[in-house]
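Colleague: Mind looking over this structure? Questions follow.
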Number of protein chains: 2
Amino acid sequence: MDLLLAYDVDTTTPAGRRRLRRVAKTCEGHGLRVQKSVFEIVADDKTVLRLLHDLEQIIDTATDSIRLYRLPPDGFNHVQTLGTAQVQPHREDLVL
Amino acid sequence: MDLLLAYDVDTTTPAGRRRLRRVAKTCEGHGLRVQKSVFEIVADDKTVLRLLHDLEQIIDTATDSIRLYRLPPDGFNHVQTLGTAQVQPHREDLVL
């Protein structure tokens, strides 16, 4: 399954900046960063549940926001880009 | 068509901060902001072309990035959210 994960973490405090790093690190274990706070992730339902669980332990649910969208099959390759954005090649072995 | 637009604008300069405001304003004319730099947009192909054209006139293509993803039908309502994120109701009259 192709997924797009976007997050907003409140970085006005040192604790928030730590949460941001941990959220990014967790996402990096699951997919490709395509923008500062946007990741393209290939994962099955089980992995999605674990990822969301892990992220929920990290964020402050009162201030931070995570959105996970399902894309159509081959959704990454149909992204329209402007500027520095590139279509990212997802290696098959990244499928968890 | 349900679309997700995400942008990264280099805000290290006053000009960049101006571009960020103009990009956000342009996107606000086309859909709902769901995170700092993520918008849910309902638009047809013609409107997408015009939106991308308008955005391309604003951004610095050497430093800024815009990604526009097509979602499956009813994609907004299947978003999985954590923290402050909410499923956003798209009024029908927002379809341009």
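Every chain in the structure tokens has a letter given in the order shown (A, B, ...), and although residue numbers restart at 1 in each chain, ligands are simply numbered from 1 in the order shown.
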Counting only C-alpha atoms, which residues of chain A come no farther than 9 Å from chain B, as a ChimeraX atom specification?
Modeller: /A:4,6-8,34-38,52,55-56,59-72,75-76,78-86
Colleague: Let's have the selection written as a compact mmCIF listing (two decimals), in the first residue's frame, with N, CA, C and O atoms.
Modeller:
# COMPACT_ATOMS: atom_id res chain seq x y z
N LEU A 4 0.87 8.35 2.32
CA LEU A 4 1.55 9.62 2.50
C LEU A 4 1.33 10.06 3.95
O LEU A 4 0.19 10.12 4.41
N ALA A 6 2.02 12.98 6.78
CA ALA A 6 2.42 14.38 7.00
C ALA A 6 2.25 14.70 8.48
O ALA A 6 1.28 14.26 9.10
N TYR A 7 3.20 15.44 9.02
CA TYR A 7 3.08 15.77 10.45
C TYR A 7 3.41 17.23 10.72
O TYR A 7 4.12 17.88 9.97
N ASP A 8 2.81 17.71 11.76
CA ASP A 8 3.10 19.04 12.31
C ASP A 8 3.40 18.82 13.78
O ASP A 8 2.53 18.32 14.52
N VAL A 34 10.05 13.14 1.63
CA VAL A 34 9.96 13.88 0.37
C VAL A 34 9.85 15.38 0.60
O VAL A 34 10.08 16.17 -0.32
N GLN A 35 9.54 15.74 1.82
CA GLN A 35 9.57 17.15 2.23
C GLN A 35 9.89 17.18 3.71
O GLN A 35 9.88 16.13 4.37
N LYS A 36 10.09 18.37 4.26
CA LYS A 36 10.51 18.44 5.67
C LYS A 36 9.64 17.54 6.55
O LYS A 36 10.11 16.81 7.40
N SER A 37 8.30 17.65 6.37
CA SER A 37 7.45 16.85 7.28
C SER A 37 6.47 15.99 6.51
O SER A 37 5.31 15.80 6.94
N VAL A 38 6.93 15.47 5.39
CA VAL A 38 6.09 14.59 4.57
C VAL A 38 6.91 13.38 4.13
O VAL A 38 8.03 13.53 3.63
N LEU A 52 1.62 3.82 13.52
CA LEU A 52 0.75 4.79 14.20
C LEU A 52 0.87 4.65 15.72
O LEU A 52 0.88 5.63 16.46
N LEU A 55 4.15 6.23 16.76
CA LEU A 55 4.09 7.70 16.67
C LEU A 55 3.23 8.28 17.80
O LEU A 55 3.54 9.33 18.36
N GLU A 56 2.18 7.54 18.14
CA GLU A 56 1.30 8.05 19.20
C GLU A 56 2.01 8.11 20.55
O GLU A 56 1.70 8.95 21.39
N ILE A 59 4.29 11.64 20.11
CA ILE A 59 3.75 13.01 19.97
C ILE A 59 3.02 13.45 21.23
O ILE A 59 2.67 12.64 22.10
N ASP A 60 2.83 14.77 21.28
CA ASP A 60 1.95 15.35 22.30
C ASP A 60 0.60 15.52 21.61
O ASP A 60 0.45 16.39 20.73
N THR A 61 -0.34 14.71 21.98
CA THR A 61 -1.60 14.68 21.21
C THR A 61 -2.39 15.98 21.35
O THR A 61 -3.30 16.24 20.56
N ALA A 62 -1.97 16.82 22.29
CA ALA A 62 -2.68 18.10 22.45
C ALA A 62 -2.15 19.17 21.51
O ALA A 62 -2.82 20.18 21.24
N THR A 63 -0.93 18.97 21.00
CA THR A 63 -0.34 20.04 20.17
C THR A 63 0.14 19.57 18.80
O THR A 63 0.32 20.37 17.89
N ASP A 64 0.41 18.29 18.67
CA ASP A 64 1.00 17.78 17.42
C ASP A 64 -0.07 17.09 16.57
O ASP A 64 -1.10 16.65 17.08
N SER A 65 0.24 17.00 15.27
CA SER A 65 -0.76 16.45 14.34
C SER A 65 -0.08 15.50 13.35
O SER A 65 0.99 15.81 12.81
N ILE A 66 -0.69 14.36 13.14
CA ILE A 66 -0.20 13.40 12.15
C ILE A 66 -1.37 13.00 11.26
O ILE A 66 -2.46 12.72 11.77
N ARG A 67 -1.13 13.02 9.97
CA ARG A 67 -2.15 12.63 8.98
C ARG A 67 -1.53 11.56 8.08
O ARG A 67 -0.43 11.76 7.57
N LEU A 68 -2.28 10.48 7.90
CA LEU A 68 -1.79 9.39 7.06
C LEU A 68 -2.84 9.10 5.99
O LEU A 68 -3.97 8.70 6.31
N TYR A 69 -2.45 9.35 4.74
CA TYR A 69 -3.38 9.19 3.61
C TYR A 69 -3.02 7.96 2.80
O TYR A 69 -1.84 7.71 2.54
N ARG A 70 -4.03 7.23 2.38
CA ARG A 70 -3.79 6.14 1.43
C ARG A 70 -3.82 6.72 0.03
O ARG A 70 -4.71 7.52 -0.30
N LEU A 71 -2.84 6.32 -0.76
CA LEU A 71 -2.81 6.77 -2.15
C LEU A 71 -3.30 5.63 -3.04
O LEU A 71 -3.30 4.47 -2.64
N PRO A 72 -3.68 5.96 -4.27
CA PRO A 72 -4.03 4.89 -5.21
C PRO A 72 -2.77 4.07 -5.53
O PRO A 72 -1.65 4.54 -5.29
N GLY A 75 0.63 5.51 -6.65
CA GLY A 75 0.34 6.92 -6.36
C GLY A 75 1.58 7.79 -6.32
O GLY A 75 1.56 8.96 -6.72
N PHE A 76 2.70 7.22 -5.90
CA PHE A 76 3.94 8.02 -5.79
C PHE A 76 4.41 8.49 -7.16
O PHE A 76 4.94 9.59 -7.33
N HIS A 78 2.68 9.22 -9.70
CA HIS A 78 1.80 10.18 -10.38
C HIS A 78 1.77 11.52 -9.69
O HIS A 78 0.94 12.38 -10.00
N VAL A 79 2.68 11.70 -8.72
CA VAL A 79 2.73 12.99 -8.03
C VAL A 79 3.14 14.06 -9.03
O VAL A 79 3.99 13.82 -9.90
N GLN A 80 2.48 15.23 -8.95
CA GLN A 80 2.89 16.36 -9.79
C GLN A 80 3.77 17.25 -8.93
O GLN A 80 3.45 17.54 -7.77
N THR A 81 4.90 17.66 -9.50
CA THR A 81 5.90 18.36 -8.69
C THR A 81 6.28 19.70 -9.33
O THR A 81 6.26 19.85 -10.55
N LEU A 82 6.64 20.63 -8.44
CA LEU A 82 7.19 21.91 -8.88
C LEU A 82 8.44 22.18 -8.05
O LEU A 82 8.54 21.73 -6.91
N GLY A 83 9.37 22.93 -8.63
CA GLY A 83 10.55 23.34 -7.88
C GLY A 83 11.49 22.19 -7.65
O GLY A 83 11.75 21.37 -8.54
N THR A 84 11.99 22.08 -6.43
CA THR A 84 13.01 21.07 -6.13
C THR A 84 12.40 19.68 -5.98
O THR A 84 13.14 18.69 -5.83
N ALA A 85 11.08 19.57 -5.93
CA ALA A 85 10.44 18.27 -5.71
C ALA A 85 10.76 17.32 -6.85
O ALA A 85 10.78 17.72 -8.01
N GLN A 86 11.03 16.08 -6.47
CA GLN A 86 11.31 15.03 -7.46
C GLN A 86 10.42 13.82 -7.17
O GLN A 86 10.07 13.58 -6.01
Colleague: So that I can check the secondary structure, give me every residue of chain A assigned helix (DSSP H, G or I) by backbone DSSP, as JSON, numbers by chain.
Modeller: {"A": [14, 15, 16, 17, 18, 19, 20, 21, 22, 23, 24, 25, 26, 27, 28, 45, 46, 47, 48, 49, 50, 51, 52, 53, 54, 55, 56, 57, 58, 75, 76, 77, 78, 92, 93, 94]}
Colleague: Please give the complete set of residues from chain A that DSSP, run on the backbone, assigns to strand (DSSP E), formatted as JSON, numbers by chain.
Modeller: {"A": [2, 3, 4, 5, 6, 7, 8, 31, 32, 33, 34, 35, 38, 39, 40, 41, 42, 65, 66, 67, 68, 69, 70, 80, 81, 82, 83]}
Colleague: Skipping near chain neighbours, those fewer than 4 positions away, what residues fall within 7 Å of B:Cys27 using only C-alpha atoms, listed as a ChimeraX atom specification?
Modeller: /B:23,31,39
Colleague: Take the residues from that selection and write them out as an mmCIF file, in the first residue's frame, keeping C-alpha atoms.
Modeller:
data_model
loop_
_atom_site.group_PDB
_atom_site.id
_atom_site.type_symbol
_atom_site.label_atom_id
_atom_site.label_comp_id
_atom_site.auth_asym_id
_atom_site.auth_seq_id
_atom_site.Cartn_x
_atom_site.Cartn_y
_atom_site.Cartn_z
ATOM 1 C CA VAL B 23 1.662 30.048 -1.689
ATOM 2 C CA GLY B 31 -9.099 24.028 -0.573
ATOM 3 C CA PHE B 39 -3.870 21.364 1.873
#
